[in-house]
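Asks: Structure file data20.cif, mmCIF, C-alpha atoms, is pasted below:
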```
data_input
loop_
_atom_site.label_atom_id
_atom_site.label_comp_id
_atom_site.auth_asym_id
_atom_site.auth_seq_id
_atom_site.Cartn_x
_atom_site.Cartn_y
_atom_site.Cartn_z
CA MET A 13 0.00 0.00 0.00
CA THR A 14 1.42 3.40 -0.99
CA ARG A 15 1.37 6.04 1.70
CA ALA A 16 0.02 9.42 0.59
CA THR A 17 2.62 12.19 0.44
CA PRO A 18 1.53 15.30 2.35
CA SER A 19 1.44 18.42 0.23
CA ARG A 20 4.19 20.92 0.94
CA PRO A 21 3.31 24.20 2.64
CA VAL A 22 2.54 27.26 0.56
CA LEU A 23 5.69 29.38 0.52
CA LEU A 24 5.43 33.16 0.80
CA ALA A 25 8.48 35.28 -0.12
CA LEU A 26 8.80 38.48 1.90
CA PRO A 27 11.24 41.31 1.18
CA LYS A 28 13.57 42.69 3.80
CA GLY A 29 13.26 46.36 4.72
CA ARG A 30 10.45 48.91 4.92
CA ILE A 31 7.86 46.91 2.98
CA LEU A 32 8.21 44.03 5.42
CA GLY A 33 7.45 46.29 8.37
CA GLU A 34 4.37 47.70 6.66
CA ALA A 35 3.20 44.20 5.66
CA ARG A 36 3.18 42.84 9.22
CA PRO A 37 -0.36 44.04 10.10
CA LEU A 38 -1.69 42.46 6.89
CA LEU A 39 0.07 39.19 7.68
CA ALA A 40 -1.42 39.20 11.18
CA ALA A 41 -4.91 39.88 9.82
CA ALA A 42 -4.47 36.97 7.41
CA GLY A 43 -3.42 34.65 10.24
CA LEU A 44 0.12 34.43 8.88
CA SER A 45 2.16 36.03 11.65
CA PRO A 46 5.63 34.45 11.57
CA ALA A 47 7.14 32.35 14.35
CA PRO A 48 9.08 34.23 17.08
CA ALA A 49 12.41 33.29 15.44
CA PHE A 50 11.51 35.67 12.61
CA ASP A 51 12.19 38.63 14.92
CA ASP A 52 15.32 37.18 16.51
CA GLU A 53 18.11 39.52 15.40
CA ASN A 54 20.70 36.84 16.17
CA SER A 55 19.03 34.20 14.01
CA ARG A 56 20.49 33.42 10.59
CA ALA A 57 17.42 31.42 9.54
CA LEU A 58 15.75 32.44 6.28
CA ARG A 59 12.69 30.15 6.36
CA PHE A 60 10.03 30.36 9.06
CA SER A 61 6.75 28.78 10.06
CA THR A 62 3.63 30.90 10.59
CA ARG A 63 0.47 30.63 12.68
CA ASP A 64 -0.99 28.74 9.72
CA PRO A 65 0.66 25.29 9.54
CA GLY A 66 0.03 25.22 5.80
CA VAL A 67 1.99 28.40 5.07
CA GLU A 68 5.69 29.17 5.54
CA ILE A 69 7.69 32.35 4.94
CA ILE A 70 11.07 32.99 3.39
CA ARG A 71 12.82 36.33 3.91
CA VAL A 72 14.84 37.53 0.92
CA ARG A 73 16.02 40.71 -0.77
CA SER A 74 13.25 42.69 -2.45
CA PHE A 75 14.55 42.06 -5.98
CA ASP A 76 14.95 38.34 -5.25
CA ALA A 77 11.37 37.88 -4.01
CA ALA A 78 10.09 38.31 -7.57
CA THR A 79 12.58 35.76 -8.88
CA PHE A 80 11.72 33.12 -6.28
CA VAL A 81 8.02 33.41 -7.18
CA ALA A 82 8.48 33.63 -10.95
CA PHE A 83 10.55 30.44 -11.04
CA GLY A 84 8.22 28.53 -8.71
CA ALA A 85 10.56 28.25 -5.71
CA ALA A 86 7.93 30.25 -3.80
CA ASP A 87 4.20 30.35 -4.48
CA LEU A 88 3.42 33.89 -3.34
CA GLY A 89 5.37 37.02 -2.58
CA ILE A 90 5.16 40.69 -1.74
CA VAL A 91 6.96 42.78 -4.33
CA GLY A 92 6.99 46.43 -5.39
CA ASN A 93 5.59 47.11 -8.84
CA ASP A 94 8.97 48.69 -9.66
CA VAL A 95 10.55 45.23 -9.37
CA ILE A 96 7.70 43.57 -11.29
CA LEU A 97 8.11 45.96 -14.22
CA GLU A 98 11.92 45.84 -14.15
CA PHE A 99 12.02 42.06 -14.53
CA GLY A 100 8.89 41.55 -16.64
CA TYR A 101 8.59 37.88 -15.67
CA SER A 102 5.78 36.22 -17.64
CA GLU A 103 5.09 33.71 -14.85
CA LEU A 104 4.49 36.44 -12.28
CA TYR A 105 0.85 37.34 -11.64
CA ALA A 106 0.18 40.48 -9.55
CA PRO A 107 -3.52 40.43 -8.61
CA VAL A 108 -3.56 42.65 -5.50
CA ASP A 109 -2.21 46.14 -4.83
CA LEU A 110 -1.56 46.01 -1.09
CA GLY A 111 -1.38 49.79 -0.77
CA ILE A 112 1.84 49.70 1.26
CA GLY A 113 5.45 50.60 0.54
CA ARG A 114 4.38 53.70 -1.35
CA CYS A 115 7.18 55.72 -2.94
CA ARG A 116 8.28 56.73 -6.43
CA LEU A 117 10.98 55.82 -8.91
CA SER A 118 12.60 59.06 -10.02
CA VAL A 119 15.43 60.62 -11.95
CA ALA A 120 17.63 62.72 -9.66
CA GLY A 121 20.90 64.58 -9.86
CA ARG A 122 22.74 67.68 -8.80
CA ALA A 123 20.82 70.95 -8.89
CA ASP A 124 23.41 72.42 -11.26
CA THR A 125 22.85 69.57 -13.76
CA PRO A 126 19.24 70.02 -14.92
CA LEU A 127 17.49 67.29 -16.86
CA ASP A 128 16.97 68.97 -20.23
CA LEU A 129 16.02 66.08 -22.50
CA ALA A 130 15.21 68.36 -25.42
CA ARG A 131 18.90 69.20 -25.66
CA GLN A 132 20.32 65.74 -24.94
CA SER A 133 20.65 62.63 -27.09
CA HIS A 134 22.73 60.54 -24.66
CA VAL A 135 22.92 60.41 -20.86
CA ARG A 136 24.77 58.29 -18.34
CA VAL A 137 22.63 57.11 -15.45
CA ALA A 138 23.51 55.11 -12.34
CA THR A 139 20.70 52.76 -11.31
CA LYS A 140 19.66 49.27 -10.36
CA TYR A 141 16.72 49.64 -12.77
CA PRO A 142 18.36 49.55 -16.22
CA ARG A 143 15.27 48.26 -18.03
CA LEU A 144 12.90 50.93 -16.69
CA THR A 145 15.54 53.63 -17.02
CA GLN A 146 16.31 52.86 -20.66
CA ALA A 147 12.60 52.66 -21.50
CA PHE A 148 11.92 56.04 -19.86
CA PHE A 149 14.68 57.84 -21.74
CA ALA A 150 14.06 56.00 -25.03
CA ALA A 151 10.45 57.20 -25.00
CA ARG A 152 11.89 60.72 -25.02
CA GLY A 153 14.38 60.03 -27.78
CA VAL A 154 17.40 59.83 -25.49
CA GLN A 155 19.83 56.90 -25.24
CA ALA A 156 20.58 55.99 -21.62
CA GLU A 157 23.92 54.41 -20.76
CA CYS A 158 23.18 52.65 -17.47
CA VAL A 159 25.83 52.10 -14.82
CA LYS A 160 24.50 49.24 -12.67
CA LEU A 161 24.77 49.84 -8.92
CA ASN A 162 23.00 48.11 -6.06
CA GLY A 163 23.32 50.77 -3.38
CA ALA A 164 24.75 54.15 -2.35
CA MET A 165 23.27 55.51 -5.54
CA GLU A 166 23.58 59.13 -4.43
CA LEU A 167 27.38 58.87 -4.44
CA ALA A 168 27.32 58.18 -8.18
CA ALA A 169 26.08 61.72 -8.82
CA THR A 170 28.08 63.50 -6.12
CA LEU A 171 31.37 61.81 -7.13
CA GLY A 172 30.88 62.17 -10.88
CA LEU A 173 30.31 58.52 -11.79
CA ALA A 174 27.13 59.59 -13.58
CA PRO A 175 25.33 62.96 -13.70
CA TYR A 176 21.96 61.34 -13.02
CA ILE A 177 20.62 58.50 -10.91
CA VAL A 178 17.35 56.60 -11.07
CA ASP A 179 16.30 55.35 -7.66
CA LEU A 180 13.39 55.05 -5.25
CA VAL A 181 12.40 58.25 -3.45
CA SER A 182 10.12 58.40 -0.45
CA THR A 183 10.48 61.66 1.48
CA GLY A 184 13.40 63.04 -0.52
CA ARG A 185 15.48 63.44 2.64
CA THR A 186 18.35 61.22 1.42
CA LEU A 187 18.59 63.22 -1.80
CA ALA A 188 18.62 66.52 0.08
CA GLU A 189 21.27 65.36 2.53
CA ASN A 190 23.50 64.47 -0.44
CA ASP A 191 22.88 67.79 -2.24
CA LEU A 192 20.73 66.19 -4.95
CA VAL A 193 17.32 67.12 -6.30
CA GLU A 194 14.51 65.08 -7.82
CA HIS A 195 14.16 65.93 -11.51
CA GLU A 196 11.29 63.77 -12.74
CA VAL A 197 9.09 60.90 -11.55
CA ILE A 198 9.21 57.76 -13.69
CA LEU A 199 6.81 55.56 -11.75
CA HIS A 200 4.64 55.67 -8.63
CA VAL A 201 5.36 52.53 -6.62
CA SER A 202 3.43 50.37 -4.18
CA ALA A 203 3.78 46.77 -3.02
CA ARG A 204 1.76 44.04 -4.72
CA LEU A 205 0.87 40.50 -3.75
CA VAL A 206 2.31 38.34 -6.52
CA ALA A 207 1.67 34.70 -7.32
CA ASN A 208 3.30 32.11 -9.53
CA ARG A 209 0.83 31.54 -12.38
CA ALA A 210 1.20 27.75 -12.33
CA ALA A 211 0.75 27.60 -8.55
CA MET A 212 -2.32 29.81 -8.83
CA LYS A 213 -3.91 27.27 -11.18
CA THR A 214 -2.82 24.04 -9.49
CA ARG A 215 -2.79 24.84 -5.77
CA PRO A 216 -6.22 25.84 -4.40
CA ARG A 217 -4.69 27.20 -1.19
CA VAL A 218 -2.68 29.74 -3.19
CA ALA A 219 -5.86 31.05 -4.86
CA GLU A 220 -7.58 31.14 -1.45
CA LEU A 221 -4.80 33.28 0.01
CA VAL A 222 -4.95 35.67 -2.93
CA GLY A 223 -8.68 36.07 -2.28
CA LEU A 224 -8.05 36.58 1.44
CA PHE A 225 -5.52 39.36 0.86
CA ARG A 226 -7.81 41.00 -1.69
CA ASP A 227 -10.66 41.03 0.85
CA LEU A 228 -8.41 42.42 3.59
CA VAL A 229 -7.24 45.27 1.36
CA ARG A 230 -10.82 46.09 0.33
CA HIS A 231 -11.93 46.10 3.97
CA GLU A 232 -9.06 48.37 4.93
CA ALA A 233 -9.88 50.76 2.09
CA ALA A 234 -13.54 50.90 3.12
CA ALA A 235 -12.78 51.51 6.81
#
```
Please rewrite the model in this file as structure tokens.
Replies:
Amino acid sequence: MTRATPSRPVLLALPKGRILGEARPLLAAAGLSPAPAFDDENSRALRFSTRDPGVEIIRVRSFDAATFVAFGAADLGIVGNDVILEFGYSELYAPVDLGIGRCRLSVAGRADTPLDLARQSHVRVATKYPRLTQAFFAARGVQAECVKLNGAMELAATLGLAPYIVDLVSTGRTLAENDLVEHEVILHVSARLVANRAAMKTRPRVAELVGLFRDLVRHEAAA
């Protein structure tokens, strides 16, 4: 007699940083609060149980959350629409705008280097969003040479690596403290619940969780 194999837990990929903090109330409302080890600063664990025995969490970098879900290593994730559009994964389905992690993707630079696209045909830009950056400038007839950086973007402009940067802006304080100004907004950003398309079709629990998050967001908006 063959023993039935228990189905694996649904895996939810969460990004480190500000979005994670803002997502915690939603996770609690959904019954998915992580185990105490999740908040242990000394723990090196990356995978955690939740209050729901059928759902586990992995904690990864924000850009990596989209990749884990798109390739089926995780079933669900919370990802900014900036990351979704940058990668353009066909297997990533983004059914719910969670209304958290709000900021904007913008072009910034020094105040004495205005963004005058009518007079420019080529610009050098430091960014970790080469796809979105090139698309933005191409739509305006300008070729963007992207210098790929993963952090400390402001230094690229202040030290002359590139006259412009494309990065996320929330309050603008970091730009101001580095003597930079915001020139133009490319994209308004918020965090989305994303699902792997195959998992959405084949795993009923994944579709149930998508519906649960959608209802929670609607209830919050109506309150």
Asks: Considering all atoms listed in the file, state which residue in the set A:Arg73, A:His200, A:Arg136, A:His195 is at the smallest distance from Arg122 (chain A).
Replies: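 Checking each of A:Arg73, A:His200, A:Arg136, A:His195 against Arg122 (chain A), counting all atoms listed in the file, the winner is A:His195.
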Asks: Rank nothing, just name the residue among A:Ser19, A:Thr62, A:Ser118, A:Ser133 nearest to Tyr176 (chain A), using all atoms listed in the file.
Replies: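 So, comparing all the options, the nearest one is A:Ser118.
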Asks: Can you spell out as a list of chain:residue names the set of residues that the PyMOL selection byres ((chain A and resi 113) around 9) selects in the structure I just provided?
Replies: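 Output of the PyMOL selection byres ((chain A and resi 113) around 9): A:Arg30, A:Ile31, A:Leu32, A:Glu34, A:Ala35, A:Gly92, A:Leu110, A:Gly111, A:Ile112, A:Arg114, A:Cys115, A:Val201, A:Ser202, A:Ala203.
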Asks: One decimal, in Å: what's the spacing between CA of Ser61 (chain A) and CA of Leu23 (chain A)?
Replies: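 Straight-line distance from CA of Ser61 (chain A) to CA of Leu23 (chain A) works out to 9.6 Å.
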Asks: For Pro48 (chain A), which residue among A:Tyr105, A:Glu189, A:Arg63, A:Leu88 is the nearest when counting only C-alpha atoms?
Replies: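 Smallest separation from Pro48 (chain A) among the options: A:Arg63.
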Asks: Which neighbours of Arg116 (chain A) fall inside 10 Å, counting all atoms listed in the file, when residues of the same chain fewer than 4 positions from it are skipped, and could you give them as a list in words?
Replies: Asp94, Asp179, Leu180, Val181, Ser182, Thr183, Glu196, Val197, Ile198, Leu199, His200, Val201 and Ser202 of chain A
Asks: I need the output of the PyMOL selection byres ((chain A and resi 127) around 12) for this file as a PDB file with C-alpha atoms, in the frame of the given file; which residues are they?
Replies:
```pdb
ATOM      1  CA  SER A 118      12.600  59.060 -10.020  1.00  0.00           C
ATOM      2  CA  VAL A 119      15.430  60.620 -11.950  1.00  0.00           C
ATOM      3  CA  ALA A 120      17.630  62.720  -9.660  1.00  0.00           C
ATOM      4  CA  GLY A 121      20.900  64.580  -9.860  1.00  0.00           C
ATOM      5  CA  ARG A 122      22.740  67.680  -8.800  1.00  0.00           C
ATOM      6  CA  ALA A 123      20.820  70.950  -8.890  1.00  0.00           C
ATOM      7  CA  ASP A 124      23.410  72.420 -11.260  1.00  0.00           C
ATOM      8  CA  THR A 125      22.850  69.570 -13.760  1.00  0.00           C
ATOM      9  CA  PRO A 126      19.240  70.020 -14.920  1.00  0.00           C
ATOM     10  CA  ASP A 128      16.970  68.970 -20.230  1.00  0.00           C
ATOM     11  CA  LEU A 129      16.020  66.080 -22.500  1.00  0.00           C
ATOM     12  CA  ALA A 130      15.210  68.360 -25.420  1.00  0.00           C
ATOM     13  CA  ARG A 131      18.900  69.200 -25.660  1.00  0.00           C
ATOM     14  CA  GLN A 132      20.320  65.740 -24.940  1.00  0.00           C
ATOM     15  CA  SER A 133      20.650  62.630 -27.090  1.00  0.00           C
ATOM     16  CA  HIS A 134      22.730  60.540 -24.660  1.00  0.00           C
ATOM     17  CA  VAL A 135      22.920  60.410 -20.860  1.00  0.00           C
ATOM     18  CA  ARG A 136      24.770  58.290 -18.340  1.00  0.00           C
ATOM     19  CA  VAL A 137      22.630  57.110 -15.450  1.00  0.00           C
ATOM     20  CA  PHE A 149      14.680  57.840 -21.740  1.00  0.00           C
ATOM     21  CA  ARG A 152      11.890  60.720 -25.020  1.00  0.00           C
ATOM     22  CA  VAL A 154      17.400  59.830 -25.490  1.00  0.00           C
ATOM     23  CA  PRO A 175      25.330  62.960 -13.700  1.00  0.00           C
ATOM     24  CA  TYR A 176      21.960  61.340 -13.020  1.00  0.00           C
ATOM     25  CA  ILE A 177      20.620  58.500 -10.910  1.00  0.00           C
ATOM     26  CA  VAL A 193      17.320  67.120  -6.300  1.00  0.00           C
ATOM     27  CA  GLU A 194      14.510  65.080  -7.820  1.00  0.00           C
ATOM     28  CA  HIS A 195      14.160  65.930 -11.510  1.00  0.00           C
ATOM     29  CA  GLU A 196      11.290  63.770 -12.740  1.00  0.00           C
ATOM     30  CA  VAL A 197       9.090  60.900 -11.550  1.00  0.00           C
TER      31      VAL A 197
END
```
Asks: So, with only C-alpha atoms as the atoms that count, which of A:Pro21, A:Gly66, A:Gly43, A:Pro27 lies closest to Ala85 (chain A)?
Replies: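 Of A:Pro21, A:Gly66, A:Gly43, A:Pro27, the one nearest Ala85 (chain A), counting only C-alpha atoms, is A:Pro21.
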Asks: Which residues of region 101-187 of chain A come within 6 Å of region 207-228 of chain A, and for each one, what is the closest pair of atoms and their distance in Å to one decimal, counting all atoms listed in the file, sorted by chain and residue number, as JSON lines?
Replies:
```
{"residue": "A:Glu103", "atom": "CA", "partner": "A:Arg209", "partner_atom": "CA", "distance": 5.4}
{"residue": "A:Leu104", "atom": "CA", "partner": "A:Asn208", "partner_atom": "CA", "distance": 5.3}
{"residue": "A:Tyr105", "atom": "CA", "partner": "A:Ala207", "partner_atom": "CA", "distance": 5.1}
{"residue": "A:Val108", "atom": "CA", "partner": "A:Arg226", "partner_atom": "CA", "distance": 5.9}
```
Asks: What separation in Å, quoted to one decimal, exists between CA of Leu192 (chain A) and CA of Val91 (chain A)?
Replies: 27.2 Å
Asks: What is the CA of Ala77 (chain A) to CA of Leu26 (chain A) distance in Å?
Replies: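 Computing the Euclidean distance for CA of Ala77 (chain A) and CA of Leu26 (chain A) yields 6.5 Å.
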Asks: Go through A:Ala169, A:Val67, A:Leu205, A:Ala49 one by one, measure the shortest atom-to-atom distance of each to Val81 (chain A) using all atoms listed in the file, and give the residue with the smallest value.
Replies: A:Leu205
Asks: Take the PyMOL selection byres ((chain A and resi 70) around 10), run it mentally on this structure, and tell me the resulting residues as a ChimeraX atom specification.
Replies: /A:23-27,46,50,57-61,68-69,71-72,77,80,86,89
Asks: Please, what is the axis-aligned box for every listed atom of region 76-88 of chain A with 8 Å on each side, as centre and edge lengths in Å to one decimal, as AutoDock Vina command-line options?
Replies:
```
--center_x 9.2 --center_y 33.3 --center_z -7.2 --size_x 27.5 --size_y 26.1 --size_z 23.7
```
Asks: With all atoms listed in the file as the atoms that count, which of A:Asp51, A:Asp109, A:Leu187, A:Val178 lies nearest to Gly33 (chain A)?
Replies: A:Asp51
Asks: Output as an mmCIF file, keeping the file's coordinate frame: region 55-69 of chain A, completed with N, CA, C and O atoms.
Replies:
```cif
data_model
loop_
_atom_site.group_PDB
_atom_site.id
_atom_site.type_symbol
_atom_site.label_atom_id
_atom_site.label_comp_id
_atom_site.auth_asym_id
_atom_site.auth_seq_id
_atom_site.Cartn_x
_atom_site.Cartn_y
_atom_site.Cartn_z
ATOM 1 N N SER A 55 19.298 35.386 14.825
ATOM 2 C CA SER A 55 19.030 34.200 14.010
ATOM 3 C C SER A 55 19.493 34.412 12.576
ATOM 4 O O SER A 55 19.322 35.490 12.001
ATOM 5 N N ARG A 56 20.090 33.383 11.998
ATOM 6 C CA ARG A 56 20.490 33.420 10.590
ATOM 7 C C ARG A 56 19.507 32.640 9.711
ATOM 8 O O ARG A 56 19.761 32.448 8.520
ATOM 9 N N ALA A 57 18.420 32.191 10.296
ATOM 10 C CA ALA A 57 17.420 31.420 9.540
ATOM 11 C C ALA A 57 16.770 32.310 8.478
ATOM 12 O O ALA A 57 16.610 33.522 8.667
ATOM 13 N N LEU A 58 16.394 31.719 7.380
ATOM 14 C CA LEU A 58 15.750 32.440 6.280
ATOM 15 C C LEU A 58 14.351 31.892 5.976
ATOM 16 O O LEU A 58 13.617 32.482 5.189
ATOM 17 N N ARG A 59 14.001 30.765 6.579
ATOM 18 C CA ARG A 59 12.690 30.150 6.360
ATOM 19 C C ARG A 59 12.009 29.959 7.707
ATOM 20 O O ARG A 59 12.635 29.488 8.659
ATOM 21 N N PHE A 60 10.720 30.323 7.778
ATOM 22 C CA PHE A 60 10.030 30.360 9.060
ATOM 23 C C PHE A 60 8.607 29.809 8.928
ATOM 24 O O PHE A 60 7.958 29.977 7.895
ATOM 25 N N SER A 61 8.146 29.206 9.990
ATOM 26 C CA SER A 61 6.750 28.780 10.060
ATOM 27 C C SER A 61 5.879 30.004 10.384
ATOM 28 O O SER A 61 6.394 31.063 10.772
ATOM 29 N N THR A 62 4.575 29.845 10.221
ATOM 30 C CA THR A 62 3.630 30.900 10.590
ATOM 31 C C THR A 62 2.541 30.301 11.465
ATOM 32 O O THR A 62 2.543 29.096 11.759
ATOM 33 N N ARG A 63 1.598 31.127 11.883
ATOM 34 C CA ARG A 63 0.470 30.630 12.680
ATOM 35 C C ARG A 63 -0.361 29.627 11.901
ATOM 36 O O ARG A 63 -1.068 28.810 12.470
ATOM 37 N N ASP A 64 -0.295 29.696 10.580
ATOM 38 C CA ASP A 64 -0.990 28.740 9.720
ATOM 39 C C ASP A 64 -0.021 27.614 9.370
ATOM 40 O O ASP A 64 0.987 27.856 8.699
ATOM 41 N N PRO A 65 -0.285 26.385 9.801
ATOM 42 C CA PRO A 65 0.660 25.290 9.540
ATOM 43 C C PRO A 65 0.827 24.973 8.053
ATOM 44 O O PRO A 65 1.781 24.286 7.672
ATOM 45 N N GLY A 66 -0.064 25.487 7.228
ATOM 46 C CA GLY A 66 0.030 25.220 5.800
ATOM 47 C C GLY A 66 0.761 26.301 5.022
ATOM 48 O O GLY A 66 0.839 26.240 3.792
ATOM 49 N N VAL A 67 1.305 27.293 5.738
ATOM 50 C CA VAL A 67 1.990 28.400 5.070
ATOM 51 C C VAL A 67 3.320 28.676 5.785
ATOM 52 O O VAL A 67 3.363 28.785 7.010
ATOM 53 N N GLU A 68 4.395 28.790 5.013
ATOM 54 C CA GLU A 68 5.690 29.170 5.540
ATOM 55 C C GLU A 68 6.199 30.411 4.832
ATOM 56 O O GLU A 68 5.727 30.757 3.748
ATOM 57 N N ILE A 69 7.152 31.087 5.450
ATOM 58 C CA ILE A 69 7.690 32.350 4.940
ATOM 59 C C ILE A 69 9.175 32.203 4.666
ATOM 60 O O ILE A 69 9.895 31.555 5.437
#
```
